[in-house]
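Below is structure-v1.txt, which holds compact mmCIF, C-alpha atoms.
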```txt
# COMPACT_ATOMS: atom_id res chain seq x y z
CA MET A 1 0.00 0.00 0.00
CA LYS A 2 1.17 3.55 -0.68
CA HIS A 3 2.29 5.58 2.33
CA ASP A 4 -0.75 7.83 2.45
CA ARG A 5 -3.15 4.87 2.30
CA LEU A 6 -1.26 3.01 5.02
CA THR A 7 -1.20 5.99 7.35
CA LYS A 8 -4.84 6.77 6.60
CA LYS A 9 -5.79 3.24 7.64
CA LEU A 10 -3.67 3.49 10.81
CA ILE A 11 -5.32 6.78 11.84
CA GLN A 12 -8.82 5.51 11.12
CA GLU A 13 -8.25 2.19 12.91
CA PHE A 14 -6.77 3.85 16.02
CA PHE A 15 -8.18 7.37 15.77
CA GLU A 16 -8.66 8.12 19.46
CA GLU A 17 -5.29 6.61 20.34
CA PHE A 18 -3.58 8.68 17.62
CA ILE A 19 -5.09 11.93 18.96
CA GLU A 20 -4.40 10.95 22.57
CA GLY A 21 -0.79 10.01 21.89
CA PHE A 22 0.26 13.04 19.86
CA PHE A 23 -2.31 15.78 20.51
CA PRO A 24 -3.38 15.35 24.16
CA ASP A 25 -4.70 18.94 24.47
CA LEU A 26 -7.12 18.31 21.62
CA HIS A 27 -8.00 14.85 22.97
CA SER A 28 -9.38 16.26 26.22
CA HIS A 29 -12.06 18.24 24.35
CA ILE A 30 -13.46 15.41 22.22
CA ASP A 31 -16.21 12.89 22.86
CA PHE A 32 -14.90 9.76 21.11
CA SER A 33 -18.03 7.69 21.75
CA ASN A 34 -19.33 8.51 18.28
CA VAL A 35 -16.72 9.15 15.58
CA THR A 36 -17.83 9.25 11.95
CA PHE A 37 -15.37 9.15 9.06
CA LEU A 38 -16.84 11.10 6.17
CA GLU A 39 -16.66 9.84 2.61
CA GLN A 40 -13.41 10.30 0.69
CA GLU A 41 -13.28 13.95 -0.36
CA VAL A 42 -11.71 14.85 -3.70
CA TYR A 43 -10.25 18.33 -4.08
CA LEU A 44 -10.00 19.66 -7.65
CA ASP A 45 -6.99 21.91 -8.26
CA TYR A 46 -8.11 23.96 -11.24
CA LEU A 47 -4.80 25.83 -11.51
CA GLU A 48 -2.72 22.63 -11.79
CA GLY A 49 -5.44 20.68 -13.53
CA SER A 50 -5.28 17.83 -11.02
CA LYS A 51 -7.43 16.23 -8.36
CA LYS A 52 -6.24 15.14 -4.92
CA GLU A 53 -7.86 12.94 -2.32
CA ILE A 54 -8.10 14.28 1.21
CA ASP A 55 -6.71 11.62 3.55
CA VAL A 56 -8.89 11.47 6.68
CA LEU A 57 -11.89 13.60 7.65
CA ALA A 58 -13.51 12.68 10.96
CA GLU A 59 -16.66 14.17 12.48
CA VAL A 60 -16.76 14.25 16.29
CA LYS A 61 -18.69 15.96 19.07
CA LEU A 62 -17.11 18.12 21.74
CA HIS A 63 -17.43 17.31 25.44
CA HIS A 64 -20.14 19.23 27.29
CA GLU A 65 -21.07 21.15 24.14
CA ASP A 66 -23.64 20.48 21.47
CA LYS A 67 -21.09 21.24 18.76
CA ILE A 68 -19.65 19.30 15.85
CA LEU A 69 -15.94 19.42 15.01
CA HIS A 70 -14.32 18.10 11.85
CA ILE A 71 -10.75 16.83 12.16
CA HIS A 72 -8.84 16.74 8.88
CA THR A 73 -5.60 14.73 8.97
CA GLU A 74 -3.19 14.76 6.04
CA ALA A 75 -0.18 12.42 5.76
CA GLN A 76 2.85 13.78 3.89
CA SER A 77 5.86 11.58 3.06
CA THR A 78 7.87 14.07 0.96
CA HIS A 79 8.79 17.72 1.43
CA GLU A 80 6.73 20.20 -0.57
CA ALA A 81 7.42 23.92 -0.32
CA ASP A 82 3.75 24.77 -0.89
CA PHE A 83 2.34 22.20 1.54
CA PRO A 84 0.99 24.84 4.03
CA GLU A 85 -0.88 26.47 1.15
CA ARG A 86 -2.36 23.10 0.18
CA MET A 87 -3.50 22.54 3.75
CA PHE A 88 -5.29 25.90 3.59
CA LEU A 89 -6.90 25.09 0.25
CA TYR A 90 -8.21 21.80 1.67
CA PHE A 91 -9.49 23.69 4.72
CA ALA A 92 -11.27 26.30 2.58
CA TYR A 93 -12.83 23.60 0.39
CA LEU A 94 -14.05 21.54 3.36
CA TYR A 95 -15.40 24.55 5.23
CA ALA A 96 -17.25 25.82 2.16
CA LYS A 97 -18.83 22.40 1.71
CA HIS A 98 -19.71 21.49 5.33
CA ARG A 99 -19.75 24.84 7.20
CA LYS A 100 -18.33 23.14 10.33
CA PRO A 101 -15.29 24.15 12.40
CA ILE A 102 -12.22 22.19 11.27
CA GLN A 103 -9.07 21.20 13.11
CA PRO A 104 -6.36 20.51 10.47
CA ILE A 105 -3.50 18.12 11.32
CA ALA A 106 -0.42 17.34 9.20
CA VAL A 107 1.59 14.14 9.77
CA LEU A 108 5.07 14.47 8.24
CA SER A 109 7.21 11.34 7.91
CA TYR A 110 10.15 12.57 5.81
CA ASN A 111 13.55 13.43 7.27
CA ARG A 112 14.38 17.13 7.16
CA LYS A 113 16.42 19.09 9.70
CA GLN A 114 14.46 22.33 9.38
CA GLU A 115 11.31 22.92 11.37
CA GLU A 116 8.44 22.86 8.92
CA PRO A 117 5.98 25.78 8.94
CA THR A 118 2.55 25.36 10.51
CA GLN A 119 1.04 28.52 9.03
CA PHE A 120 -0.08 29.94 5.73
CA LYS A 121 -0.39 33.72 5.45
CA VAL A 122 -1.83 36.14 2.92
CA ASN A 123 -0.72 39.75 3.30
CA THR A 124 -1.36 42.99 1.45
CA PRO A 125 0.62 46.24 1.77
CA THR A 126 -1.88 47.48 4.37
CA GLN A 127 -2.79 44.43 6.46
CA GLU A 128 -2.41 40.76 7.20
CA VAL A 129 -5.50 39.42 5.48
CA LEU A 130 -5.18 35.79 6.52
CA GLN A 131 -3.25 33.66 9.00
CA PHE A 132 -4.17 29.98 8.75
CA ASN A 133 -2.70 27.59 11.38
CA PHE A 134 -2.62 23.81 11.61
CA LEU A 135 -1.32 21.21 14.06
CA GLN A 136 1.68 19.21 12.92
CA LEU A 137 3.33 15.93 13.84
CA GLN A 138 6.88 15.77 12.48
CA LEU A 139 7.69 12.14 13.20
CA LYS A 140 11.46 12.28 12.60
CA LYS A 141 11.75 14.89 15.36
CA LYS A 142 10.03 12.63 17.89
CA ASN A 143 12.15 10.68 20.39
CA TRP A 144 10.95 7.06 20.15
CA LYS A 145 12.06 6.33 23.73
CA GLU A 146 9.39 8.67 25.08
CA TYR A 147 6.61 6.38 23.79
CA ILE A 148 7.76 2.85 24.65
CA GLN A 149 6.15 2.80 28.10
CA SER A 150 2.73 3.64 26.67
CA ASP A 151 0.06 1.15 25.62
CA ASN A 152 -0.82 3.17 22.55
CA PRO A 153 -1.12 1.14 19.30
CA ALA A 154 -0.76 4.20 17.04
CA ALA A 155 2.45 5.21 18.81
CA ALA A 156 3.73 1.62 18.58
CA ALA A 157 3.32 1.55 14.79
CA LEU A 158 4.78 5.04 14.34
CA LEU A 159 7.96 4.16 16.29
CA SER A 160 9.15 2.89 12.91
CA GLN A 161 9.22 6.44 11.52
CA MET A 162 10.49 8.37 14.52
CA GLY A 163 13.94 9.82 15.07
CA TYR A 164 16.08 6.83 15.97
CA GLU A 165 19.76 6.40 15.13
CA GLU A 166 20.94 3.64 12.78
CA HIS A 167 22.47 1.65 15.66
CA GLU A 168 19.12 1.75 17.52
CA ARG A 169 17.11 -0.09 14.87
CA VAL A 170 17.20 -3.46 16.66
CA GLN A 171 16.21 -1.93 19.99
CA VAL A 172 13.34 0.00 18.36
CA LYS A 173 11.99 -3.25 16.89
CA LEU A 174 12.30 -5.04 20.23
CA GLU A 175 10.48 -2.26 22.07
CA PHE A 176 7.75 -2.33 19.42
CA LEU A 177 7.23 -6.07 20.02
CA ARG A 178 7.13 -5.52 23.77
CA MET A 179 4.56 -2.75 23.32
CA ILE A 180 2.17 -4.79 21.20
CA THR A 181 2.20 -7.71 23.65
CA ARG A 182 0.55 -5.34 26.15
CA LEU A 183 -2.18 -4.19 23.76
CA LYS A 184 -5.73 -5.48 24.00
CA ILE A 185 -6.50 -5.61 20.29
CA ASN A 186 -7.80 -8.27 17.93
CA PRO A 187 -5.54 -10.45 15.72
CA ALA A 188 -6.35 -8.48 12.55
CA GLN A 189 -5.32 -5.21 14.22
CA MET A 190 -2.19 -6.87 15.57
CA GLU A 191 -1.27 -8.09 12.07
CA PHE A 192 -1.85 -4.62 10.62
CA LEU A 193 0.38 -2.95 13.23
CA TYR A 194 3.15 -5.44 12.56
CA GLY A 195 2.85 -4.99 8.80
CA TYR A 196 2.88 -1.19 9.15
CA PHE A 197 6.00 -1.29 11.31
CA GLU A 198 7.82 -3.69 8.96
CA THR A 199 7.05 -1.43 5.99
CA TYR A 200 9.28 1.28 7.44
CA LEU A 201 11.73 -0.63 9.64
CA LYS A 202 12.75 -4.05 8.36
CA LEU A 203 15.84 -5.61 9.91
CA ASN A 204 18.60 -7.21 7.84
CA LYS A 205 19.98 -10.68 8.65
CA LYS A 206 22.69 -9.42 10.98
CA GLU A 207 20.20 -7.28 12.86
CA GLU A 208 17.81 -10.23 13.07
CA GLU A 209 20.53 -12.25 14.80
CA GLN A 210 21.08 -9.41 17.26
CA MET A 211 17.32 -9.29 17.77
CA MET A 212 17.19 -12.96 18.72
CA GLU A 213 20.01 -12.48 21.24
CA LYS A 214 18.15 -9.58 22.84
CA MET A 215 14.93 -11.59 22.96
CA GLU A 216 16.73 -14.38 24.80
CA ASN A 217 17.63 -11.88 27.53
CA LEU A 218 14.03 -10.84 28.15
CA PRO A 219 12.27 -12.05 31.32
CA GLU A 220 10.89 -15.54 30.63
CA GLU A 221 7.22 -14.53 30.79
CA GLU A 222 7.72 -11.55 28.49
CA LYS A 223 9.84 -13.59 26.07
CA GLU A 224 7.10 -16.20 25.83
CA MET A 225 4.51 -13.51 25.02
CA VAL A 226 6.71 -12.03 22.28
CA MET A 227 7.28 -15.48 20.77
CA GLN A 228 3.51 -16.07 20.62
CA LEU A 229 2.80 -12.98 18.54
CA PRO A 230 1.02 -13.89 15.29
CA ASN A 231 3.66 -12.08 13.23
CA SER A 232 6.59 -12.18 15.62
CA TYR A 233 10.21 -12.22 14.55
CA PHE A 234 10.52 -15.78 15.77
CA GLU A 235 7.62 -17.15 13.69
CA ARG A 236 8.65 -15.23 10.58
CA GLY A 237 12.26 -16.37 10.92
CA LYS A 238 11.14 -19.96 11.34
CA GLN A 239 8.91 -19.79 8.24
CA GLU A 240 11.64 -18.10 6.19
CA GLY A 241 14.04 -20.87 7.22
CA ILE A 242 11.59 -23.56 6.07
CA GLU A 243 11.04 -21.81 2.73
CA GLU A 244 14.77 -21.37 2.21
CA GLY A 245 15.34 -25.08 2.92
CA ILE A 246 12.68 -26.10 0.37
CA LYS A 247 14.19 -23.80 -2.24
CA LYS A 248 17.67 -25.22 -1.66
CA ARG A 249 16.41 -28.79 -2.06
CA ASN A 250 14.61 -27.83 -5.27
CA GLN A 251 17.82 -26.30 -6.63
CA GLU A 252 19.74 -29.50 -5.85
CA LEU A 253 17.00 -31.57 -7.52
CA ALA A 254 17.07 -29.31 -10.59
CA LEU A 255 20.82 -29.88 -11.05
CA LYS A 256 20.38 -33.68 -10.81
CA LEU A 257 17.58 -33.64 -13.38
CA LEU A 258 19.67 -31.43 -15.67
CA ALA A 259 22.49 -33.98 -15.44
CA ARG A 260 20.04 -36.66 -16.57
CA GLY A 261 19.10 -34.61 -19.64
CA MET A 262 15.60 -33.50 -18.65
CA SER A 263 14.32 -30.34 -20.39
CA MET A 264 14.32 -27.04 -18.49
CA SER A 265 10.56 -26.59 -18.93
CA ASP A 266 9.88 -29.99 -17.29
CA ILE A 267 12.32 -29.23 -14.47
CA ALA A 268 10.67 -25.86 -13.88
CA GLU A 269 7.27 -27.57 -13.58
CA ILE A 270 8.59 -30.14 -11.09
CA THR A 271 10.66 -27.81 -8.89
CA ASP A 272 8.66 -24.53 -9.07
CA LEU A 273 11.88 -22.77 -10.11
CA SER A 274 11.88 -20.42 -13.09
CA GLU A 275 13.71 -21.45 -16.26
CA ALA A 276 15.94 -18.40 -15.87
CA GLU A 277 16.98 -19.59 -12.39
CA ILE A 278 17.62 -23.11 -13.69
CA LYS A 279 19.87 -21.67 -16.46
CA ARG A 280 21.75 -19.68 -13.82
CA LEU A 281 22.27 -22.79 -11.70
CA ALA A 282 23.49 -24.72 -14.77
CA GLY A 283 25.94 -21.93 -15.59
CA GLU A 284 27.36 -21.93 -12.08
```
Spell out the structure here as structure tokens.
Amino acid sequence: MKHDRLTKKLIQEFFEEFIEGFFPDLHSHIDFSNVTFLEQEVYLDYLEGSKKEIDVLAEVKLHHEDKILHIHTEAQSTHEADFPERMFLYFAYLYAKHRKPIQPIAVLSYNRKQEEPTQFKVNTPTQEVLQFNFLQLQLKKKNWKEYIQSDNPAAAALLSQMGYEEHERVQVKLEFLRMITRLKINPAQMEFLYGYFETYLKLNKKEEEQMMEKMENLPEEEKEMVMQLPNSYFERGKQEGIEEGIKKRNQELALKLLARGMSMSDIAEITDLSEAEIKRLAGE
């Protein structure tokens, strides 16, 4: 799935947890007992001649007030100089259509040292005509260690895009696994969180070995819980090992059948290897 679709699904699946984890001041004002996600909005940019889908638009009620609030959340994976202007254009379009107060939120996942603007202004020589503000979550500037003690599924998934150092990758993955063992979510949600995390932080073989060593040092009860995860490192590693063993045996069988003069097409059918791979094996 593309980044914006993945993040949209994460925010919709764990909307309250996302707001609670990253925008606690806003969270305290919202009644989350009845959240409605409005239909996918399409914004037509007449100047550029393009159309863009608005990521997430949620309708909520405020605590102790008979008022509706729309929360527009936009995920952005690459830097765009005119992004604040686009946020304003989305805001203007949505307000014109629904006539409801809107809280805009930008979720930035790209790595850039500069602080990104959270305003769009329109000025004339005589006055400041417009100052549009939006909330912003710049993931790479977040310290992942500040979230590992929480039981927040949105924060757990987004650890994968926070500001960790290269040498911390294994520890980030381990803390993610420890976090999700504490969550009271269904298996489908658990699988989605794991898949989201792996999309942005996938360990190499050396790191996987380090991961296993660290898992062995966990308290026995916690280690057992991590090992039982439906998509845990242990289960995936075991499955990958089985698949690699089958592939190796098929390669050995292919070479024996080649030596006996069997055609490559027949060998490919028997071993599930491609003819190109069989030719490569023969050449080696």
Sorted per-residue table, segment 54-151 of chain A near segment 167-188 of chain A, closest atoms and distance, 10 Å, only C-alpha atoms, as a Markdown table:
```
| residue | atom | partner | partner_atom | distance |
| --- | --- | --- | --- | --- |
| A:Trp144 | CA | A:Val172 | CA | 7.7 |
| A:Lys145 | CA | A:Val172 | CA | 8.4 |
| A:Tyr147 | CA | A:Met179 | CA | 9.4 |
| A:Ile148 | CA | A:Glu175 | CA | 6.3 |
| A:Gln149 | CA | A:Met179 | CA | 7.5 |
| A:Ser150 | CA | A:Met179 | CA | 7.4 |
| A:Asp151 | CA | A:Leu183 | CA | 6.1 |
```
Would you list the residues near (-5.1, 22.2, -0.3), meaning any protein, DNA or RNA residue with an atom at most 10 Å from that point in file coordinates, counting all atoms listed in the file, as an NGL selection string? :A and (43-45 or 52-54 or 74 or 82-94)
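Once segment 215-219 of chain A and its same-chain neighbours fewer than 5 positions away are set aside, Leu174, Leu177, Arg178, Glu209, Gln210, Glu224, Val226, Met227, Tyr233 and Phe234 of chain A remain within 10 Å of it when counting all atoms listed in the file.
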Can you pull out the residues contacting Val56 of chain A? Cut-off 9 Å, using all atoms listed in the file, and skip same-chain residues under 5 positions away; I want them as a compact mmCIF listing (two decimals) with C-alpha atoms, in the coordinates of the input.
```txt
# COMPACT_ATOMS: atom_id res chain seq x y z
CA LYS A 8 -4.84 6.77 6.60
CA LYS A 9 -5.79 3.24 7.64
CA ILE A 11 -5.32 6.78 11.84
CA GLN A 12 -8.82 5.51 11.12
CA PHE A 37 -15.37 9.15 9.06
CA LEU A 38 -16.84 11.10 6.17
CA GLU A 39 -16.66 9.84 2.61
CA GLN A 40 -13.41 10.30 0.69
CA GLU A 41 -13.28 13.95 -0.36
CA ILE A 71 -10.75 16.83 12.16
CA HIS A 72 -8.84 16.74 8.88
CA THR A 73 -5.60 14.73 8.97
CA GLU A 74 -3.19 14.76 6.04
CA ALA A 75 -0.18 12.42 5.76
```
Can you pull out the residues contacting His29 of chain A? Cut-off 10 Å, using all atoms listed in the file, and skip same-chain residues under 5 positions away; I want them as a count of residues only. 6
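Taking atom CA of Lys100 of chain A as the reference point, atom CA of Asn123 of chain A is found at 25.2 Å.
Atom pair atom CA of Phe22 of chain A / atom CA of Lys121 of chain A has a distance of 25.2 Å (rounded to one decimal).
Relative to atom CA of Arg99 of chain A, atom CA of Val60 of chain A is found at 14.3 Å.
Distance annotation: of A:Leu135, A:Gln228, A:Glu277, A:Phe192, the residue with the minimal separation from Asn250 of chain A is A:Glu277; atom set is all atoms listed in the file.
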May I have the residues within 9 Å of Tyr196 of chain A as a PyMOL selection string, using all atoms listed in the file and disregarding those fewer than 2 positions away in the same chain? chain A and resi 6-7+10+157-158+160+191-194+198-201
Take the selection from the previous step and output its residues with C-alpha atoms, as a compact mmCIF listing (two decimals), in the frame of the given file.
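Ended up saving to again-v1.txt:
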```
# COMPACT_ATOMS: atom_id res chain seq x y z
CA LEU A 6 -1.26 3.01 5.02
CA THR A 7 -1.20 5.99 7.35
CA LEU A 10 -3.67 3.49 10.81
CA ALA A 157 3.32 1.55 14.79
CA LEU A 158 4.78 5.04 14.34
CA SER A 160 9.15 2.89 12.91
CA GLU A 191 -1.27 -8.09 12.07
CA PHE A 192 -1.85 -4.62 10.62
CA LEU A 193 0.38 -2.95 13.23
CA TYR A 194 3.15 -5.44 12.56
CA GLU A 198 7.82 -3.69 8.96
CA THR A 199 7.05 -1.43 5.99
CA TYR A 200 9.28 1.28 7.44
CA LEU A 201 11.73 -0.63 9.64
```
Give the answer as one residue: which of A:Glu221, A:Glu16, A:Glu116, A:Glu252 has the shortest atom-to-atom distance to Ala58 of chain A, using all atoms listed in the file? A:Glu16
Padding 5 Å on each side, edges along x, y and z: where is the centre of the box around the listed atoms of segment 145-155 of chain A, and how long are its edges in Å to one decimal? Output it as AutoDock Vina command-line options.
```
--center_x 5.5 --center_y 4.9 --center_z 22.6 --size_x 23.2 --size_y 17.5 --size_z 21.1
```
Using only C-alpha atoms, determine which residues lie at most 7 Å from segment 260-265 of chain A, disregarding the query and same-chain residues fewer than 4 positions distant; provide the list as number ranges by chain. A: 256, 269, 275
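Ranking A:Met225, A:Ala276, A:Ala154, A:Met212 by their shortest atom-to-atom distance to Phe197 of chain A, with all atoms listed in the file included, puts A:Ala154 first.
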